[in-house]
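Note sheet for the following structure.
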Amino acid sequence: MTDLPLFIDVSLGVTINARHARGRAARLGPTLDRILANHGYPPVLETLLAEALVLTALLGSLLKDPGGQLTIQAQTERGAVDLMVCDYKGGELRGYIRHDPERLAELGPHPTLFALFGKGYLAITFDQPATDERYQGIVPLEGEGLAQAAQSYFSQSEQIPSIVRLAVRKDDDGWVAGGLMFQHLPEGEEGRERLHTRLDHPEWPHVAVLAGSVKPEELTDRTLGLDELMWRLFHEEEEVRTLPPVALSKGCRCSPDYIASVIARFPPEEQAGMVGDDGVIRVDCAFCATSFPIALEKVAPAP
Ligand SMILES: [Zn+2]
């Protein structure tokens, strides 16, 4: 075990082998404040992105490959929100939302997921370069919220009975978002082909009831360690094993050097066309809402 504190900006996995179940809890605080601060979204979108980011943390920490990436993308054609993207790589999280401010304002302070997205879809993509695995599942964005959409993704696309709970709140100390996910893996070992999945197996409803009893205020309680939370829910089980915790932080892969290398691939006349009135090329990163001024002389000539 590491000494990583298990209260905030961390994810913790457990296995309950006797029940063929695995679970994960994640909680975000200062990391969330940092990501949201850059965007300046209205509160309703901050809540939505906070919920999406903690879901991303839960799903991302399922990746076996340390270089793996998990992306969730919610999109719609005619919603007030037309695109939301979050991703996870090595414990680093980022995300953004594209929306129509006027239409969003018309929806009031507590719009439903349907009001925000209209007829939308949630795509979840697991990318594991080490084993060259990439798979994507898409589910309709309907029902109560993102937790339910994620649950139907696992039960429909993956045939894995799952329960997902998410909670978000903001207080004087900032944002806090917590999530819990449990899954039934009847064949035991992960990665092995499942010959069949019995959705009616009695061991699973038991786990689902216990996991589902978690309260939103427990998920978002900064003083309740994730190990204590698991203990509170599953203390009657003979054995609950914890996996090494994963620290979560804000991270983005954009960098002035990388952007300059992308610009360098364009022919000189196109590069000249990108230069703005202030004499530099401005490139925006939607994820971290940062604008990078790139001076043309800093761009290596195209080969
Ligand atoms: Zn960025």
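By order in the structure tokens, chains are A, B, ...; within a chain, residues start at 1; ligands start at 1, following the order shown.
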
Find the residues near ligand 1. Use a cut-off of 10 Å, count only C-alpha atoms and all ligand atoms, and write them as a ChimeraX atom specification.
-> /A:94-95,251-256,284-292

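Residues in contact with His20 of chain A at 7 Å, where only C-alpha atoms are counted and same-chain residues fewer than 3 positions away are skipped, are listed as A:Ile16, A:Asn17, A:His184, A:Leu185, A:Pro186, A:Gly188.
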
Residue neighbourhood Leu45 of chain A, 9 Å, only C-alpha atoms, exclusion window fewer than 4 positions, as a list in words |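 Non-adjacent residues within range: Tyr41, Leu49, Ala50, Val81 and Ile97 of chain A.
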
For Leu62 of chain A, which residue out of A:Ala26, A:Val139, A:Leu116, A:Leu226 is the nearest one, using only C-alpha atoms?
->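 The shortest atom-to-atom distance to Leu62 of chain A comes from A:Ala26.
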
Can you list, as a list in words, every residue of segment 83-177 of chain A that DSSP puts in alpha helix (DSSP H)?
->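 Of segment 83-177 of chain A, the ones in alpha helix (DSSP H) are Pro101, Glu102, Arg103, Leu104, Ala105, Glu106, Leu113, Phe114, Ala115, Leu116, Phe117, Leu146, Ala147, Gln148, Ala149, Ala150, Gln151 and Ser152 of chain A.
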
Can you write out the residues you just picked, keeping all heavy atoms, as a CSV table (one decimal), in the first residue's frame?
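Result file is again.csv:
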```
chain,number,residue,atom,x,y,z
A,101,PRO,N,-25.0,29.8,-25.3
A,101,PRO,CA,-25.3,30.5,-24.0
A,101,PRO,C,-26.8,31.0,-24.0
A,101,PRO,O,-27.4,30.9,-22.9
A,101,PRO,CB,-24.4,31.7,-24.0
A,101,PRO,CG,-23.3,31.3,-24.9
A,101,PRO,CD,-23.9,30.4,-26.0
A,102,GLU,N,-27.3,31.5,-25.1
A,102,GLU,CA,-28.7,32.0,-25.0
A,102,GLU,C,-29.7,30.9,-24.8
A,102,GLU,O,-30.6,31.1,-24.0
A,102,GLU,CB,-29.0,32.7,-26.4
A,102,GLU,CG,-28.4,34.1,-26.4
A,102,GLU,CD,-28.7,34.8,-27.8
A,102,GLU,OE1,-29.7,34.5,-28.5
A,102,GLU,OE2,-27.8,35.6,-28.2
A,103,ARG,N,-29.5,29.8,-25.5
A,103,ARG,CA,-30.5,28.7,-25.3
A,103,ARG,C,-30.4,28.1,-23.9
A,103,ARG,O,-31.3,27.7,-23.3
A,103,ARG,CB,-30.3,27.7,-26.3
A,103,ARG,CG,-30.8,28.1,-27.7
A,103,ARG,CD,-30.7,27.0,-28.7
A,103,ARG,NE,-31.5,25.8,-28.3
A,103,ARG,CZ,-31.3,24.6,-28.8
A,103,ARG,NH1,-30.4,24.5,-29.8
A,103,ARG,NH2,-32.0,23.6,-28.4
A,104,LEU,N,-29.1,28.1,-23.4
A,104,LEU,CA,-28.9,27.6,-22.1
A,104,LEU,C,-29.6,28.4,-21.0
A,104,LEU,O,-30.3,27.9,-20.1
A,104,LEU,CB,-27.4,27.5,-21.8
A,104,LEU,CG,-27.1,26.8,-20.5
A,104,LEU,CD1,-27.2,25.3,-20.6
A,104,LEU,CD2,-25.6,27.1,-20.0
A,105,ALA,N,-29.5,29.7,-21.2
A,105,ALA,CA,-30.2,30.7,-20.2
A,105,ALA,C,-31.7,30.5,-20.2
A,105,ALA,O,-32.3,30.6,-19.1
A,105,ALA,CB,-29.8,32.1,-20.6
A,106,GLU,N,-32.3,30.1,-21.3
A,106,GLU,CA,-33.7,29.9,-21.4
A,106,GLU,C,-34.2,28.7,-20.6
A,106,GLU,O,-35.3,28.5,-20.2
A,106,GLU,CB,-34.2,29.7,-22.8
A,106,GLU,CG,-34.1,30.9,-23.7
A,106,GLU,CD,-34.3,30.7,-25.1
A,106,GLU,OE1,-34.6,29.5,-25.5
A,106,GLU,OE2,-34.0,31.6,-25.9
A,113,LEU,N,-31.2,16.4,-18.1
A,113,LEU,CA,-30.2,16.0,-19.1
A,113,LEU,C,-30.8,16.1,-20.5
A,113,LEU,O,-30.2,16.6,-21.5
A,113,LEU,CB,-29.8,14.6,-18.8
A,113,LEU,CG,-28.5,14.1,-19.5
A,113,LEU,CD1,-27.3,14.9,-18.9
A,113,LEU,CD2,-28.3,12.6,-19.3
A,114,PHE,N,-32.1,15.8,-20.6
A,114,PHE,CA,-32.8,15.9,-21.9
A,114,PHE,C,-32.9,17.3,-22.4
A,114,PHE,O,-32.6,17.6,-23.6
A,114,PHE,CB,-34.2,15.3,-21.9
A,114,PHE,CG,-34.9,15.3,-23.2
A,114,PHE,CD1,-34.5,14.3,-24.2
A,114,PHE,CD2,-35.8,16.2,-23.5
A,114,PHE,CE1,-35.1,14.4,-25.4
A,114,PHE,CE2,-36.4,16.2,-24.8
A,114,PHE,CZ,-36.1,15.3,-25.7
A,115,ALA,N,-33.2,18.3,-21.5
A,115,ALA,CA,-33.3,19.7,-21.9
A,115,ALA,C,-31.9,20.2,-22.3
A,115,ALA,O,-31.8,21.0,-23.3
A,115,ALA,CB,-33.8,20.5,-20.7
A,116,LEU,N,-30.8,19.7,-21.7
A,116,LEU,CA,-29.5,20.2,-22.1
A,116,LEU,C,-29.0,19.6,-23.4
A,116,LEU,O,-28.5,20.3,-24.2
A,116,LEU,CB,-28.5,19.7,-21.0
A,116,LEU,CG,-28.5,20.5,-19.7
A,116,LEU,CD1,-27.6,19.8,-18.7
A,116,LEU,CD2,-28.0,21.9,-19.9
A,117,PHE,N,-29.3,18.3,-23.6
A,117,PHE,CA,-28.7,17.6,-24.8
A,117,PHE,C,-29.7,17.3,-25.9
A,117,PHE,O,-29.4,16.9,-27.0
A,117,PHE,CB,-28.1,16.3,-24.4
A,117,PHE,CG,-26.7,16.5,-23.8
A,117,PHE,CD1,-26.6,16.5,-22.4
A,117,PHE,CD2,-25.6,16.7,-24.5
A,117,PHE,CE1,-25.4,16.7,-21.8
A,117,PHE,CE2,-24.3,16.8,-23.9
A,117,PHE,CZ,-24.2,16.9,-22.6
A,146,LEU,N,-26.0,11.1,-16.3
A,146,LEU,CA,-24.8,10.5,-16.8
A,146,LEU,C,-24.6,9.1,-16.2
A,146,LEU,O,-24.1,8.2,-16.8
A,146,LEU,CB,-23.6,11.3,-16.6
A,146,LEU,CG,-23.5,12.6,-17.5
A,146,LEU,CD1,-22.2,13.4,-17.1
A,146,LEU,CD2,-23.4,12.2,-18.9
A,147,ALA,N,-24.9,9.0,-14.9
A,147,ALA,CA,-24.6,7.7,-14.2
A,147,ALA,C,-25.5,6.6,-14.8
A,147,ALA,O,-25.0,5.5,-15.1
A,147,ALA,CB,-25.0,7.8,-12.7
A,148,GLN,N,-26.7,7.0,-15.1
A,148,GLN,CA,-27.6,6.0,-15.7
A,148,GLN,C,-27.2,5.6,-17.2
A,148,GLN,O,-27.2,4.5,-17.6
A,148,GLN,CB,-29.0,6.5,-15.7
A,148,GLN,CG,-30.0,5.3,-15.6
A,148,GLN,CD,-31.4,5.8,-15.4
A,148,GLN,OE1,-31.7,7.0,-15.5
A,148,GLN,NE2,-32.3,4.8,-15.3
A,149,ALA,N,-26.7,6.6,-17.9
A,149,ALA,CA,-26.2,6.4,-19.2
A,149,ALA,C,-25.0,5.5,-19.2
A,149,ALA,O,-24.9,4.5,-20.0
A,149,ALA,CB,-25.9,7.7,-19.9
A,150,ALA,N,-24.1,5.7,-18.2
A,150,ALA,CA,-22.9,4.8,-18.1
A,150,ALA,C,-23.3,3.4,-17.7
A,150,ALA,O,-22.8,2.4,-18.3
A,150,ALA,CB,-22.0,5.4,-17.1
A,151,GLN,N,-24.3,3.3,-16.9
A,151,GLN,CA,-24.8,2.0,-16.5
A,151,GLN,C,-25.4,1.2,-17.7
A,151,GLN,O,-25.1,0.0,-17.9
A,151,GLN,CB,-25.9,2.1,-15.5
A,151,GLN,CG,-25.6,1.6,-14.1
A,151,GLN,CD,-26.7,2.0,-13.1
A,151,GLN,OE1,-26.4,2.8,-12.2
A,151,GLN,NE2,-27.9,1.6,-13.3
A,152,SER,N,-26.1,1.9,-18.5
A,152,SER,CA,-26.7,1.2,-19.7
A,152,SER,C,-25.6,0.9,-20.7
A,152,SER,O,-25.7,-0.1,-21.4
A,152,SER,CB,-27.9,1.9,-20.3
A,152,SER,OG,-27.7,3.3,-20.4
```

Picked from segment 146-270 of chain A by DSSP as strand (DSSP E or B), as a list of chain:residue names |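 Taking segment 146-270 of chain A and keeping strand (DSSP E or B) only, one gets A:Ser162, A:Ile163, A:Val164, A:Arg165, A:Leu166, A:Ala167, A:Val168, A:Arg169, A:Lys170, A:Asp171, A:Gly174, A:Trp175, A:Val176, A:Ala177, A:Gly178, A:Gly179, A:Leu180, A:Met181, A:Phe182, A:Gln183, A:His184, A:Arg241, A:Thr242, A:Val246, A:Ala247, A:Ser249, A:Lys250.
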
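Closest approach to Lys170 of chain A among A:Gly60, A:Pro43, A:Gly279, A:Gly13: A:Pro43, based on only C-alpha atoms.
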
Quick one: everything within 12 Å of Leu12 of chain A, counting only C-alpha atoms, minus sequence neighbours fewer than 2 positions away in the same chain. Send it as a PyMOL selection string.
-> chain A and resi 1-2+4-10+14-15+22-27+57-62+91+178-182+225-230+241-248

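Minimum atom-to-atom distances from A:Val85, A:Leu93, A:Leu224, A:Ile72 to Gln136 of chain A were compared using only C-alpha atoms, and the lowest value belongs to A:Ile72.
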
Pick out the residues sitting within 8 Å of Arg98 of chain A, and hand them over as a short mmCIF file (atom, residue, chain, number, x, y, z; two decimals) with N, CA, C and O atoms, in the first residue's frame; count only C-alpha atoms, and ignore anything fewer than 6 positions along from it in its own chain.
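Final output, part-v8.cif:
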```cif
data_model
loop_
_atom_site.label_atom_id
_atom_site.label_comp_id
_atom_site.auth_asym_id
_atom_site.auth_seq_id
_atom_site.Cartn_x
_atom_site.Cartn_y
_atom_site.Cartn_z
N VAL A 81 -26.58 22.24 -25.19
CA VAL A 81 -25.20 21.78 -25.17
C VAL A 81 -25.03 20.89 -26.39
O VAL A 81 -25.80 19.96 -26.57
N ASP A 82 -24.07 21.18 -27.24
CA ASP A 82 -23.96 20.30 -28.41
C ASP A 82 -22.78 19.34 -28.33
O ASP A 82 -22.74 18.34 -29.04
N LEU A 83 -21.84 19.61 -27.42
CA LEU A 83 -20.69 18.70 -27.30
C LEU A 83 -20.08 18.81 -25.91
O LEU A 83 -19.89 19.91 -25.39
N MET A 84 -19.80 17.66 -25.31
CA MET A 84 -19.04 17.63 -24.06
C MET A 84 -18.00 16.51 -24.20
O MET A 84 -18.34 15.39 -24.57
#
```

Kindly indicate which residue among A:Arg78, A:Lys298, A:His39, A:Lys64 lies nearest to Tyr258 of chain A, using only C-alpha atoms for the distances.
->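 Closest to Tyr258 of chain A, using only C-alpha atoms: A:Lys298.
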
Can you pull out every residue within 10 Å of Ala260 of chain A, counting only C-alpha atoms, but drop anything in the same chain fewer than 4 positions away, and send it as a PyMOL selection string?
-> chain A and resi 255-256+264-265+281+283+292-296+298-300

Requested write-out: C-alpha atoms of the selected residues, as a JSON list (two decimals), in the first residue's frame:
```json
[["chain", "number", "residue", "atom", "x", "y", "z"],
["A", 255, "SER", "CA", 1.94, 22.59, -25.16],
["A", 256, "PRO", "CA", 3.48, 25.43, -27.15],
["A", 264, "ALA", "CA", 5.41, 23.43, -38.88],
["A", 265, "ARG", "CA", 3.73, 20.75, -41.01],
["A", 281, "ILE", "CA", -0.45, 32.70, -34.61],
["A", 283, "VAL", "CA", -4.01, 28.52, -31.18],
["A", 292, "PHE", "CA", -1.18, 29.94, -27.16],
["A", 293, "PRO", "CA", 0.54, 32.75, -29.05],
["A", 294, "ILE", "CA", 3.06, 31.17, -31.41],
["A", 295, "ALA", "CA", 5.58, 33.44, -33.11],
["A", 296, "LEU", "CA", 6.18, 32.39, -36.71],
["A", 298, "LYS", "CA", 9.64, 29.91, -33.53],
["A", 299, "VAL", "CA", 8.08, 27.48, -35.98],
["A", 300, "ALA", "CA", 10.63, 25.17, -37.56]]
```

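You will find atom CA of Asp100 of chain A at 26.7 Å from atom CA of Gly137 of chain A.
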